[in-house]
$ cat protein01.tsv   # TSV, C-alpha atoms
chain	number	residue	atom	x	y	z
A	150	MET	CA	-79.34	87.35	-73.60
A	151	SER	CA	-76.41	89.17	-72.13
A	152	SER	CA	-74.13	88.34	-69.30
A	153	LYS	CA	-72.11	91.28	-70.53
A	154	ALA	CA	-68.74	89.63	-70.08
A	155	THR	CA	-67.33	91.85	-72.80
A	156	LYS	CA	-64.41	94.04	-71.80
A	157	ASN	CA	-63.69	97.72	-72.23
A	158	ALA	CA	-60.45	97.30	-70.34
A	159	PRO	CA	-58.03	94.44	-69.63
A	160	GLU	CA	-59.69	91.91	-67.35
A	161	GLY	CA	-57.83	88.81	-66.33
A	162	LYS	CA	-55.29	88.91	-69.14
A	163	LYS	CA	-52.67	91.25	-70.47
A	164	SER	CA	-53.36	93.44	-73.46
A	165	LYS	CA	-51.26	95.74	-75.56
A	166	GLU	CA	-50.49	99.15	-74.12
A	167	LEU	CA	-53.13	101.72	-75.06
A	168	SER	CA	-52.25	105.07	-76.52
A	169	PRO	CA	-53.07	108.04	-74.23
A	170	ILE	CA	-55.88	109.08	-76.58
A	171	ALA	CA	-57.44	105.60	-76.66
A	172	LYS	CA	-57.13	105.27	-72.89
A	173	MET	CA	-58.75	108.65	-72.27
A	174	TYR	CA	-61.53	107.81	-74.73
A	175	LEU	CA	-62.28	104.52	-72.96
A	176	ILE	CA	-62.26	106.21	-69.55
A	177	LEU	CA	-64.74	108.81	-70.79
A	178	TYR	CA	-66.89	106.18	-72.53
A	179	ASN	CA	-67.11	103.98	-69.44
A	180	ALA	CA	-67.65	106.93	-67.10
A	181	GLY	CA	-70.39	108.23	-69.39
A	182	GLN	CA	-72.10	104.85	-69.34
A	183	VAL	CA	-71.94	104.77	-65.53
A	184	LEU	CA	-73.68	108.14	-65.43
A	185	GLY	CA	-76.24	107.11	-68.04
A	186	TRP	CA	-77.17	103.82	-66.38
A	187	GLY	CA	-77.10	105.51	-62.98
A	188	TYR	CA	-79.62	108.05	-64.23
A	189	MET	CA	-81.73	105.23	-65.65
A	190	LEU	CA	-81.75	103.46	-62.28
A	191	TYR	CA	-82.79	106.75	-60.65
A	192	GLN	CA	-85.62	107.12	-63.20
A	193	LEU	CA	-86.77	103.55	-62.59
A	194	VAL	CA	-86.94	104.09	-58.84
A	195	ALA	CA	-88.50	107.54	-59.22
A	196	TYR	CA	-91.21	106.19	-61.52
A	197	TYR	CA	-92.50	103.89	-58.78
A	198	THR	CA	-92.01	106.39	-55.92
A	199	ILE	CA	-91.86	110.18	-56.26
A	200	ASP	CA	-93.31	110.26	-59.79
A	201	SER	CA	-95.81	107.44	-59.41
A	202	GLY	CA	-98.66	109.77	-60.29
A	203	SER	CA	-97.13	111.08	-63.51
A	204	GLY	CA	-99.71	109.26	-65.64
A	205	LYS	CA	-97.01	108.06	-68.05
A	206	SER	CA	-96.17	104.47	-68.83
A	207	LEU	CA	-92.77	103.24	-67.68
A	208	TRP	CA	-91.50	103.15	-71.25
A	209	ASN	CA	-92.62	106.70	-72.00
A	210	TYR	CA	-91.02	107.85	-68.76
A	211	LEU	CA	-87.49	106.57	-69.48
A	212	SER	CA	-87.42	105.42	-73.11
A	213	LEU	CA	-84.95	108.08	-74.28
A	214	THR	CA	-82.40	107.09	-71.65
A	215	VAL	CA	-82.76	103.40	-72.48
A	216	ILE	CA	-82.44	103.94	-76.22
A	217	VAL	CA	-79.41	106.23	-75.97
A	218	PHE	CA	-77.32	104.30	-73.48
A	219	GLN	CA	-78.24	100.76	-74.55
A	220	ASN	CA	-77.51	101.52	-78.20
A	221	ALA	CA	-74.28	103.27	-77.15
A	222	ALA	CA	-73.08	99.77	-76.27
A	223	LEU	CA	-72.81	99.14	-80.02
A	224	LEU	CA	-69.52	101.01	-79.75
A	225	GLU	CA	-68.18	98.02	-77.81
A	226	ILE	CA	-68.29	96.02	-81.03
A	227	VAL	CA	-66.16	98.72	-82.66
A	228	HIS	CA	-63.77	98.72	-79.68
A	229	ALA	CA	-63.25	94.97	-80.05
A	230	ALA	CA	-62.94	95.14	-83.84
A	231	ILE	CA	-60.20	97.79	-83.81
A	232	GLY	CA	-58.36	96.13	-80.95
A	233	ILE	CA	-58.47	98.77	-78.21
A	234	VAL	CA	-60.06	96.21	-75.88
A	235	PRO	CA	-59.07	92.52	-75.61
A	236	SER	CA	-62.54	91.19	-76.43
A	237	ASN	CA	-63.66	88.60	-78.94
A	238	VAL	CA	-65.55	90.43	-81.69
A	239	ILE	CA	-68.08	87.64	-82.31
A	240	ILE	CA	-68.93	87.17	-78.64
A	241	THR	CA	-69.11	90.91	-78.07
A	242	THR	CA	-71.41	91.32	-81.08
A	243	PHE	CA	-73.75	88.60	-79.83
A	244	GLN	CA	-73.90	89.98	-76.30
A	245	VAL	CA	-74.52	93.57	-77.37
A	246	LEU	CA	-77.05	92.77	-80.09
A	247	SER	CA	-79.07	90.54	-77.77
A	248	ARG	CA	-80.01	93.54	-75.64
A	249	VAL	CA	-80.40	95.85	-78.60
A	250	MET	CA	-82.83	93.24	-79.92
A	251	VAL	CA	-84.90	93.48	-76.73
A	252	VAL	CA	-84.97	97.28	-76.81
A	253	CYS	CA	-85.37	97.94	-80.54
A	254	GLY	CA	-86.79	94.68	-81.86
A	255	VAL	CA	-89.25	93.90	-79.06
A	256	VAL	CA	-90.13	96.85	-76.85
A	257	MET	CA	-89.94	99.61	-79.47
A	258	ALA	CA	-91.51	97.38	-82.15
A	259	THR	CA	-94.68	96.43	-80.26
A	260	PRO	CA	-97.01	98.19	-77.82
A	261	THR	CA	-97.39	94.97	-75.83
A	262	GLY	CA	-93.65	94.73	-75.31
A	263	LYS	CA	-93.77	98.15	-73.66
A	264	GLU	CA	-96.46	96.89	-71.26
A	265	SER	CA	-94.67	93.68	-70.31
A	266	PRO	CA	-94.05	93.06	-66.59
A	267	GLY	CA	-90.62	91.94	-67.72
A	268	LEU	CA	-89.58	95.48	-68.70
A	269	PRO	CA	-88.97	96.80	-65.16
A	270	LEU	CA	-87.23	93.54	-64.26
A	271	ALA	CA	-84.89	93.80	-67.24
A	272	LEU	CA	-84.20	97.50	-66.67
A	273	LEU	CA	-83.44	96.96	-62.99
A	274	ALA	CA	-81.03	94.11	-63.69
A	275	TRP	CA	-79.40	95.91	-66.62
A	276	SER	CA	-78.92	99.24	-64.85
A	277	VAL	CA	-77.37	97.82	-61.67
A	278	THR	CA	-75.18	95.47	-63.70
A	279	GLU	CA	-73.97	98.21	-66.01
A	280	ILE	CA	-73.22	100.72	-63.24
A	281	ILE	CA	-70.95	98.12	-61.66
A	282	ARG	CA	-69.49	96.82	-64.92
A	283	TYR	CA	-68.63	100.15	-66.52
A	284	GLY	CA	-67.41	101.48	-63.17
A	285	TYR	CA	-65.10	98.49	-62.88
A	286	TYR	CA	-63.74	99.09	-66.39
A	287	ALA	CA	-63.15	102.82	-65.82
A	288	LEU	CA	-61.35	102.19	-62.53
A	289	ASN	CA	-59.36	99.36	-64.09
A	290	LEU	CA	-58.07	101.73	-66.75
A	291	VAL	CA	-56.61	103.99	-64.05
A	292	LYS	CA	-55.40	100.91	-62.12
A	293	ASN	CA	-57.37	101.74	-59.01
A	294	VAL	CA	-60.13	99.15	-58.54
A	295	PRO	CA	-61.31	98.80	-54.92
A	296	LYS	CA	-61.78	95.22	-53.80
A	297	ILE	CA	-65.47	95.83	-53.16
A	298	VAL	CA	-65.99	96.85	-56.80
A	299	THR	CA	-64.25	93.69	-58.00
A	300	TRP	CA	-66.37	91.61	-55.63
A	301	LEU	CA	-69.57	93.29	-56.84
A	302	ARG	CA	-68.52	92.81	-60.49
A	303	TYR	CA	-68.17	89.07	-60.01
A	304	THR	CA	-70.93	88.43	-57.49
A	305	THR	CA	-74.03	90.47	-58.27
A	306	PHE	CA	-74.55	88.60	-61.54
A	307	ILE	CA	-75.62	85.55	-59.50
A	308	ALA	CA	-78.98	87.24	-58.86
A	309	LEU	CA	-79.08	89.91	-61.54
A	310	TYR	CA	-78.41	87.69	-64.56
A	311	PRO	CA	-81.44	85.39	-63.96
A	312	ILE	CA	-83.60	88.44	-63.17
A	313	GLY	CA	-82.52	90.14	-66.38
A	314	VAL	CA	-83.07	87.05	-68.50
A	315	THR	CA	-86.52	86.54	-66.97
A	316	GLY	CA	-87.39	90.13	-67.81
A	317	GLU	CA	-86.10	89.79	-71.37
A	318	LEU	CA	-88.09	86.61	-71.98
A	319	LEU	CA	-91.25	88.19	-70.60
A	320	CYS	CA	-90.78	91.11	-73.00
A	321	PHE	CA	-90.42	88.66	-75.88
A	322	TYR	CA	-93.49	86.72	-74.79
A	323	TRP	CA	-95.65	89.85	-74.42
A	324	ALA	CA	-94.57	90.99	-77.89
A	325	GLN	CA	-94.96	87.77	-79.88
A	326	ASP	CA	-98.75	87.64	-80.05
A	327	TYR	CA	-98.96	91.23	-81.30
A	328	ALA	CA	-96.21	90.50	-83.84
A	329	ARG	CA	-98.25	87.57	-85.17
A	330	SER	CA	-101.63	89.32	-85.33
A	331	HIS	CA	-100.27	92.53	-86.86
A	332	GLY	CA	-97.57	91.10	-89.10
A	333	VAL	CA	-94.85	93.21	-87.50
A	334	TRP	CA	-91.73	93.27	-89.70
A	335	SER	CA	-92.97	90.20	-91.58
A	336	VAL	CA	-92.86	89.61	-95.32
A	337	GLU	CA	-95.54	87.61	-97.13
A	338	MET	CA	-95.91	86.29	-100.66
A	339	PRO	CA	-96.17	87.52	-103.30
A	340	ASN	CA	-93.27	89.95	-103.31
A	341	GLY	CA	-90.27	90.89	-105.39
A	342	TRP	CA	-87.94	88.62	-103.40
A	343	ASN	CA	-90.22	85.60	-103.84
A	344	GLY	CA	-89.78	84.73	-100.17
A	345	THR	CA	-91.43	85.00	-96.78
A	346	PHE	CA	-90.30	86.00	-93.34
A	347	SER	CA	-92.25	85.69	-90.09
A	348	TYR	CA	-91.09	87.98	-87.32
A	349	PHE	CA	-93.37	86.06	-84.97
A	350	TYR	CA	-91.42	82.84	-85.55
A	351	PHE	CA	-88.16	84.76	-85.38
A	352	LEU	CA	-89.07	86.00	-81.90
A	353	TRP	CA	-89.79	82.44	-80.80
A	354	PHE	CA	-86.52	81.28	-82.35
A	355	VAL	CA	-84.62	83.85	-80.30
A	356	MET	CA	-86.52	82.90	-77.14
A	357	LEU	CA	-85.66	79.23	-77.65
A	358	LEU	CA	-81.99	80.13	-78.01
A	359	TYR	CA	-82.04	81.12	-74.35
A	360	ILE	CA	-82.46	77.45	-73.40
A	361	PRO	CA	-78.99	76.31	-74.49
A	362	LEU	CA	-77.21	79.66	-74.17
A	363	PHE	CA	-78.28	80.86	-70.72
A	364	PRO	CA	-76.69	77.95	-68.80
A	365	GLN	CA	-73.45	78.31	-70.77
A	366	MET	CA	-73.19	82.04	-70.18
A	367	TYR	CA	-74.18	81.72	-66.51
A	368	LEU	CA	-71.61	79.00	-65.84
A	369	HIS	CA	-69.00	81.03	-67.73
A	370	MET	CA	-69.56	83.90	-65.31
A	371	PHE	CA	-69.08	81.54	-62.36
A	372	ALA	CA	-65.83	80.35	-63.93
A	373	GLN	CA	-64.73	83.98	-64.28
A	374	ARG	CA	-65.68	84.56	-60.64
A	375	ARG	CA	-63.52	81.66	-59.47
A	376	LYS	CA	-60.65	82.91	-61.63
A	377	ILE	CA	-60.77	86.47	-60.28
A	378	LEU	CA	-61.97	86.00	-56.71
A	379	GLY	CA	-60.68	82.50	-56.07
A	380	GLY	CA	-62.59	79.93	-54.09
A	381	GLY	CA	-61.99	77.01	-56.44
A	382	ASP	CA	-59.98	73.92	-55.61
A	383	LYS	CA	-56.47	75.07	-56.50
A	384	SER	CA	-55.03	71.65	-55.77
A	385	LYS	CA	-56.65	70.23	-58.88
A	386	LYS	CA	-55.03	71.53	-62.01
A	387	HIS	CA	-55.39	69.94	-65.40
$ encode --input "protein01.tsv" --output "structure tokens"
Amino acid sequence: MSSKATKNAPEGKKSKELSPIAKMYLILYNAGQVLGWGYMLYQLVAYYTIDSGSGKSLWNYLSLTVIVFQNAALLEIVHAAIGIVPSNVIITTFQVLSRVMVVCGVVMATPTGKESPGLPLALLAWSVTEIIRYGYYALNLVKNVPKIVTWLRYTTFIALYPIGVTGELLCFYWAQDYARSHGVWSVEMPNGWNGTFSYFYFLWFVMLLYIPLFPQMYLHMFAQRRKILGGGDKSKKH
């Protein structure tokens, strides 16, 4: 699950001044992610329109783009760890790894995950979200964020976050039966570690985590929206 509230630039609070090299790196990183996710959105649309007769599956059509640019988000954990962005390392790690789990641990790990109707839903929500998010960060670093970009950053999640989560859960569900019947990434006795591990149950464990975590993350984004865009009752302060 990933509301992607992690930050590649100051957002709502002050942070230490970046060195010119670090600032340029973050601008290039965020701009590169905008281009990558923009290309992925183009591929997604093209797959169902101009290239609908390609004969390829959706995953085969755009898998390289997904793998490269989703896994590039692992750098955000490094950014938080070394302090060039004001993000919490633990929260950032959770948010990034949740999507990496969907891509590498579900879709890439099982053929049924690749066929899930949730895959296009997740990719649509992710790509639009990331184009806006990384664009916002890049513009924020040069202190030139148009109001419309800020509004999109803190409004589009209202629809895109539930769509993305629905897609992710469908990918998990389509993968779990194959993981059980084929023993994907599972360990059975006897073995040198004298232990067992069921990837099937692990997938269900992760799916069940969405129940308590999704409402918290969703409400957190609404709180961020009120903080940045306003609209709350300013007369009541605690």
$ closest_atom_pairs --input "protein01.tsv" --of "segment 296-332 of chain A" --to "segment 366-380 of chain A" --cutoff "12 Å" --atoms "all atoms listed in the file" --output "CSV"
residue,atom,partner,partner_atom,distance
A:Lys296,CA,A:Leu378,CA,9.7
A:Ile297,CA,A:Leu378,CA,11.0
A:Val298,CA,A:Leu378,CA,11.6
A:Thr299,CA,A:Leu378,CA,8.1
A:Trp300,CA,A:Leu378,CA,7.2
A:Leu301,CA,A:Arg374,CA,10.3
A:Arg302,CA,A:Arg374,CA,8.7
A:Tyr303,CA,A:Arg374,CA,5.2
A:Thr304,CA,A:Arg374,CA,7.2
A:Thr305,CA,A:Arg374,CA,10.5
A:Phe306,CA,A:Met370,CA,7.8
A:Ile307,CA,A:Tyr367,CA,8.1
A:Ala308,CA,A:Tyr367,CA,10.6
A:Leu309,CA,A:Tyr367,CA,10.8
A:Tyr310,CA,A:Tyr367,CA,7.6
A:Pro311,CA,A:Tyr367,CA,8.5
A:Gly313,CA,A:Tyr367,CA,11.9
A:Val314,CA,A:Tyr367,CA,10.6
$ atom_distance --input "protein01.tsv" --atom1 "atom CA of Gln219 of chain A" --atom2 "atom CA of Met250 of chain A"
10.3 Å
$ residues_around --input "protein01.tsv" --residues "Ala271 of chain A" --least-positions-apart "6" --cutoff "9 Å" --atoms "all atoms listed in the file" --output "list in words"
Ile312, Gly313, Val314, Thr315, Gly316, Glu317 and Cys320 of chain A
$ residues_around --input "protein01.tsv" --residues "segment 187-194 of chain A" --least-positions-apart "2" --cutoff "9 Å" --atoms "only C-alpha atoms" --output "count of residues only"
21
$ closest_residue --input "protein01.tsv" --among "A:Gly341, A:Pro260, A:Gly204, A:Gly284" --to "Asn179 of chain A" --atoms "all atoms listed in the file"
A:Gly284
$ atom_distance --input "protein01.tsv" --atom1 "atom CA of Gly262 of chain A" --atom2 "atom CA of Ala328 of chain A"
9.9 Å
$ atom_distance --input "protein01.tsv" --atom1 "atom CA of Val234 of chain A" --atom2 "atom CA of Pro364 of chain A"
25.7 Å
$ closest_residue --input "protein01.tsv" --among "A:Val336, A:Val227, A:Ile176, A:Val252" --to "Trp275 of chain A" --atoms "only C-alpha atoms"
A:Val252
$ closest_residue --input "protein01.tsv" --among "A:Leu223, A:Trp208, A:Ile233, A:Val255" --to "Ile170 of chain A" --atoms "only C-alpha atoms"
A:Ile233
$ closest_residue --input "protein01.tsv" --among "A:Tyr322, A:Tyr283, A:Phe218, A:Tyr359" --to "Leu177 of chain A" --atoms "all atoms listed in the file"
A:Tyr283
$ axis_aligned_box --input "protein01.tsv" --around "segment 261-275 of chain A" --padding-each-side "3 Å" --output "JSON"
{"center_x": -88.4, "center_y": 95.0, "center_z": -69.4, "size_x": 24.0, "size_y": 12.2, "size_z": 18.8}
